[in-house]
Amino acid sequence: MPPTTTTTAPGTSQQRSLKAVLKALVLTPQLVPADDVAWALGEIMAERATATQVAAFMVSLRAHGTDHDPAVIAACARVLHDHGVPVPAPEPQPTSEIIVDMVGTGGDGHDTFNVSTTAALVAAGAGACVAKHGSRASSSACGSADLLEAAGCAVAAVGPTHVHEILAKTRFCFLFAPRFHPAMRHAAPVRRELGIPSLFNVLGPLANPAHPHRAVIGVYAPSLGPVVARALHLLGVDQALVVCGHEGLDEISPAGPSDAWRLHSDGSIVHFTLHPTADFGLPAVPLATVAGGATAADNVQILTELLQNKRNLDSDPVALYVILNAAALLVVAGTAKDWKHGVQLARESIAQGKAWETLQAYKAMTADASKQQQDVEMKDAPAAARK
């Protein structure tokens, strides 16, 4: 059992224990400072909490809506960064490159095709610099890491020293969350057992160790839109687009309207609606037509057909879904001047083979990283083990 810890809150003489914070979260949640919630998360990340305490933490935050407080979310995201593996700054310094991410909270229950990963590759092929943070599937059949691994990419071999080198050469890098946030494993079993959207769904998209300057983030509920946008501002993100399809989809919906919250550099947040036809000039398609495959291999086949330009970019539902979301990322990245220009650039990225080349270049660099890792492991292994 983890040891019981008691600390003193900064600037006060009040003793603080995990048991006391959990009790306060249940009885008087409105009085619990964001710093106390973040401190409790730190105890979980340091493996000083029991499974029961982790569950109590998650459920109490969700039951009272405390996990929808921007200050709480931002404070907890900082804790994840503090407990994570940092990515060294790019060389040479300073760099003017704008790094972007595209990620969803999950928890929407729709299990659509891996649009954010595919759109990220398409956007990178069009000139954006994309550091995508993600993991394997927790509730769907195929997560972002599952897709890339099934495509032959050694995602787990990419470490902190590889990130900016890969970005410089391919304009796309995938940061495998368990590699950069190993402490998250202390909450993972409870998350799986509870099976409910929680604070961790929101934190994942905000914990990219590459610290992207801008992002497109999908949320599973419209109530989270302005909350996540404000949390991004508190974390120092320059610009962002937070989206939620009217079906509760954590992407821009290909079927109809999506709520959108645009975070500007001055900290202002503007709410509006995006529609595939009215704003992007694309036909709307039913959500059922962009469902993910039963396995990662099925999704890789779709990915390959699309990036090799073997699907009709004007009518294929998955192609339209990907182009729609890639266009939004290109606008946020500053590569496209508006939504329809983003559509044009996304189509060209696929049609001219640039998105496919991006995937192949990234795949090759992950193979190099894997070989480097194996060489180090062999060098560090005892002589007897190498015989």
# chains A, B, ... in the order shown; residues from 1 in each chain; ligands from 1
>>> residues_around(residues="Pro197 of chain A", least_positions_apart="5", cutoff="12 Å", atoms="only C-alpha atoms", output="CSV table (one decimal) with C-alpha atoms, in the first residue's frame")
chain,number,residue,atom,x,y,z
A,58,MET,CA,-11.8,10.8,-10.6
A,59,VAL,CA,-15.5,10.3,-9.6
A,61,LEU,CA,-14.2,15.6,-9.8
A,62,ARG,CA,-16.7,14.3,-12.4
A,63,ALA,CA,-19.7,14.3,-10.1
A,65,GLY,CA,-18.0,19.2,-12.3
A,67,ASP,CA,-12.9,18.7,-13.7
A,68,HIS,CA,-14.6,21.3,-16.0
A,105,THR,CA,-10.5,13.9,-25.8
A,106,GLY,CA,-12.1,10.6,-26.7
A,107,GLY,CA,-15.1,9.5,-24.7
A,108,ASP,CA,-17.5,10.4,-27.5
A,109,GLY,CA,-18.6,6.8,-28.1
A,138,SER,CA,-8.8,2.6,-24.6
A,139,SER,CA,-12.4,2.3,-25.7
A,190,VAL,CA,-8.8,2.6,-12.6
A,191,ARG,CA,-9.6,4.5,-15.7
A,192,ARG,CA,-10.3,1.3,-17.6
A,202,VAL,CA,-9.2,16.3,-20.9
A,203,LEU,CA,-5.6,16.3,-19.7
A,204,GLY,CA,-4.3,14.0,-22.4
A,219,VAL,CA,-14.1,17.5,-27.0
A,220,TYR,CA,-16.8,15.0,-26.3
A,221,ALA,CA,-19.3,17.6,-24.9
A,224,LEU,CA,-16.1,21.5,-22.4
>>> residues_around(residues="Ser370 of chain A", least_positions_apart="3", cutoff="6 Å", atoms="only C-alpha atoms", output="PyMOL selection string")
chain A and resi 157+367+373
>>> write_last_selection(atoms="C-alpha atoms", output="PDB file, in the first residue's frame")
ATOM      1  CA  ALA A 157      11.078   3.988 -30.088  1.00  0.00           C
ATOM      2  CA  ALA A 367      13.052   2.538 -37.750  1.00  0.00           C
ATOM      3  CA  GLN A 373      17.492   1.925 -29.067  1.00  0.00           C
TER       4      GLN A 373
END
>>> atom_distance(atom1="atom CA of Thr170 of chain A", atom2="atom CA of Gln360 of chain A")
9.1 Å
>>> atom_distance(atom1="atom CA of Pro88 of chain A", atom2="atom CA of Leu121 of chain A")
23.0 Å
>>> residues_around(residues="Met184 of chain A", least_positions_apart="2", cutoff="9 Å", atoms="only C-alpha atoms", output="PyMOL selection string")
chain A and resi 44-45+80+83-84+177-178+181-182+186-188
>>> write_last_selection(atoms="C-alpha atoms", output="PDB file, in the first residue's frame")
ATOM      1  CA  ILE A  44      -1.341   9.780  -7.857  1.00  0.00           C
ATOM      2  CA  MET A  45       1.428  10.287 -10.407  1.00  0.00           C
ATOM      3  CA  LEU A  80       1.528  15.969 -15.876  1.00  0.00           C
ATOM      4  CA  HIS A  83       6.036  14.230 -14.010  1.00  0.00           C
ATOM      5  CA  GLY A  84       6.652  13.620 -17.717  1.00  0.00           C
ATOM      6  CA  ALA A 177       2.057   9.078 -24.478  1.00  0.00           C
ATOM      7  CA  PRO A 178       3.280   6.109 -22.364  1.00  0.00           C
ATOM      8  CA  HIS A 181       4.148  10.171 -19.466  1.00  0.00           C
ATOM      9  CA  PRO A 182       5.057   6.899 -17.730  1.00  0.00           C
ATOM     10  CA  HIS A 186      -0.688   4.627 -12.040  1.00  0.00           C
ATOM     11  CA  ALA A 187      -4.169   5.810 -13.030  1.00  0.00           C
ATOM     12  CA  ALA A 188      -4.675   3.638 -16.116  1.00  0.00           C
TER      13      ALA A 188
END
>>> residues_around(residues="Phe113 of chain A", least_positions_apart="6", cutoff="8 Å", atoms="only C-alpha atoms", output="short mmCIF file (atom, residue, chain, number, x, y, z; two decimals) with N, CA and C atoms, in the first residue's frame")
data_model
loop_
_atom_site.label_atom_id
_atom_site.label_comp_id
_atom_site.auth_asym_id
_atom_site.auth_seq_id
_atom_site.Cartn_x
_atom_site.Cartn_y
_atom_site.Cartn_z
N VAL A 290 -18.31 6.98 -41.91
CA VAL A 290 -16.90 7.21 -41.58
C VAL A 290 -16.51 6.40 -40.34
N ALA A 291 -17.22 5.32 -40.12
CA ALA A 291 -16.90 4.46 -38.97
C ALA A 291 -15.54 3.82 -39.15
N GLY A 292 -14.85 3.57 -38.03
CA GLY A 292 -13.58 2.89 -38.09
C GLY A 292 -13.76 1.42 -38.39
N GLY A 293 -12.67 0.76 -38.82
CA GLY A 293 -12.72 -0.66 -39.10
C GLY A 293 -12.75 -1.47 -37.82
N ASN A 299 -8.11 -0.28 -40.57
CA ASN A 299 -7.91 1.17 -40.65
C ASN A 299 -6.66 1.53 -41.43
N VAL A 318 -14.79 9.02 -46.09
CA VAL A 318 -13.61 9.12 -45.22
C VAL A 318 -12.66 10.19 -45.73
#
>>> select_by_dssp(residues="segment 96-304 of chain A", states="alpha helix (DSSP H)", output="MDAnalysis selection string")
chainID A and resid 115:125 144:150 163:170 177:180 188:194 199:206 225:234 296:304
>>> closest_atom_pairs(of="segment 234-306 of chain A", to="segment 328-347 of chain A", cutoff="8 Å", atoms="only C-alpha atoms", output="tab-separated table")
residue	atom	partner	partner_atom	distance
A:Gln239	CA	A:Val332	CA	7.1
A:Ala240	CA	A:Val332	CA	6.6
A:Leu241	CA	A:Val332	CA	7.0
A:Asp279	CA	A:Trp339	CA	6.5
A:Phe280	CA	A:Lys340	CA	4.9
A:Gly281	CA	A:Lys340	CA	6.5
>>> write_last_selection(atoms="C-alpha atoms", output="tab-separated table (two decimals), in the first residue's frame")
chain	number	residue	atom	x	y	z
A	239	GLN	CA	-3.89	29.97	-30.74
A	240	ALA	CA	-6.31	27.06	-30.80
A	241	LEU	CA	-9.55	25.75	-32.19
A	279	ASP	CA	-17.72	26.85	-44.50
A	280	PHE	CA	-15.52	24.29	-46.26
A	281	GLY	CA	-17.42	23.75	-49.51
>>> residues_around(residues="segment 96-104 of chain A", least_positions_apart="4", cutoff="6 Å", atoms="only C-alpha atoms", output="ChimeraX atom specification")
/A:116,129-132,205,212-219,250
>>> write_last_selection(atoms="C-alpha atoms", output="PDB file, in the first residue's frame")
ATOM      1  CA  SER A 116      -7.015  13.268 -36.409  1.00  0.00           C
ATOM      2  CA  CYS A 129       4.675  21.154 -38.579  1.00  0.00           C
ATOM      3  CA  VAL A 130       2.687  18.617 -36.547  1.00  0.00           C
ATOM      4  CA  ALA A 131       3.757  17.053 -33.252  1.00  0.00           C
ATOM      5  CA  LYS A 132       0.899  14.668 -32.516  1.00  0.00           C
ATOM      6  CA  PRO A 205      -4.721  16.602 -25.231  1.00  0.00           C
ATOM      7  CA  PRO A 212       2.870  22.933 -29.434  1.00  0.00           C
ATOM      8  CA  HIS A 213       2.200  26.608 -30.025  1.00  0.00           C
ATOM      9  CA  ARG A 214      -1.225  25.952 -31.530  1.00  0.00           C
ATOM     10  CA  ALA A 215      -3.741  23.117 -31.559  1.00  0.00           C
ATOM     11  CA  VAL A 216      -7.047  21.782 -32.792  1.00  0.00           C
ATOM     12  CA  ILE A 217      -8.694  19.879 -29.956  1.00  0.00           C
ATOM     13  CA  GLY A 218     -11.922  17.931 -30.147  1.00  0.00           C
ATOM     14  CA  VAL A 219     -14.073  17.545 -27.029  1.00  0.00           C
ATOM     15  CA  ASP A 250     -14.768  15.047 -30.643  1.00  0.00           C
TER      16      ASP A 250
END
>>> atom_distance(atom1="atom CA of Lys371 of chain A", atom2="atom CA of Val115 of chain A")
29.4 Å
>>> closest_residue(among="A:Leu27, A:Leu147, A:Ala229, A:Leu287", to="Pro257 of chain A", atoms="only C-alpha atoms")
A:Leu287
>>> closest_residue(among="A:Leu234, A:Val376, A:Ile302, A:Cys173", to="His133 of chain A", atoms="only C-alpha atoms")
A:Cys173
>>> decode(residues="segment 304-345 of chain A", atoms="C-alpha atoms", output="short mmCIF file (atom, residue, chain, number, x, y, z; two decimals), in the first residue's frame")
data_model
loop_
_atom_site.label_atom_id
_atom_site.label_comp_id
_atom_site.auth_asym_id
_atom_site.auth_seq_id
_atom_site.Cartn_x
_atom_site.Cartn_y
_atom_site.Cartn_z
CA THR A 304 -3.12 3.56 -47.29
CA GLU A 305 -5.83 3.81 -49.93
CA LEU A 306 -6.49 7.42 -49.01
CA LEU A 307 -2.89 8.62 -48.82
CA GLN A 308 -2.04 6.79 -52.07
CA ASN A 309 -4.88 8.75 -53.69
CA LYS A 310 -6.95 5.65 -54.43
CA ARG A 311 -10.16 7.14 -53.03
CA ASN A 312 -12.27 9.83 -54.65
CA LEU A 313 -11.35 13.05 -52.87
CA ASP A 314 -14.62 14.70 -53.92
CA SER A 315 -17.07 12.04 -52.77
CA ASP A 316 -15.51 9.33 -50.59
CA PRO A 317 -16.86 9.87 -47.05
CA VAL A 318 -13.61 9.12 -45.22
CA ALA A 319 -11.63 11.30 -47.62
CA LEU A 320 -14.06 14.18 -47.03
CA TYR A 321 -13.86 13.66 -43.26
CA VAL A 322 -10.06 13.78 -43.32
CA ILE A 323 -9.85 16.75 -45.68
CA LEU A 324 -12.35 18.67 -43.53
CA ASN A 325 -10.31 18.25 -40.36
CA ALA A 326 -6.94 18.69 -42.08
CA ALA A 327 -8.20 21.99 -43.51
CA ALA A 328 -9.01 23.25 -40.02
CA LEU A 329 -5.56 22.29 -38.76
CA LEU A 330 -3.93 24.09 -41.69
CA VAL A 331 -5.87 27.26 -40.87
CA VAL A 332 -4.85 27.14 -37.21
CA ALA A 333 -1.24 26.46 -38.22
CA GLY A 334 -1.28 29.58 -40.39
CA THR A 335 -0.54 27.54 -43.52
CA ALA A 336 -3.98 28.17 -45.04
CA LYS A 337 -5.65 31.57 -45.15
CA ASP A 338 -9.21 30.26 -44.67
CA TRP A 339 -11.23 27.03 -44.47
CA LYS A 340 -11.65 26.57 -48.23
CA HIS A 341 -7.98 27.28 -48.86
CA GLY A 342 -7.26 24.61 -46.26
CA VAL A 343 -9.42 22.16 -48.24
CA GLN A 344 -7.44 22.96 -51.38
CA LEU A 345 -4.10 22.40 -49.65
#
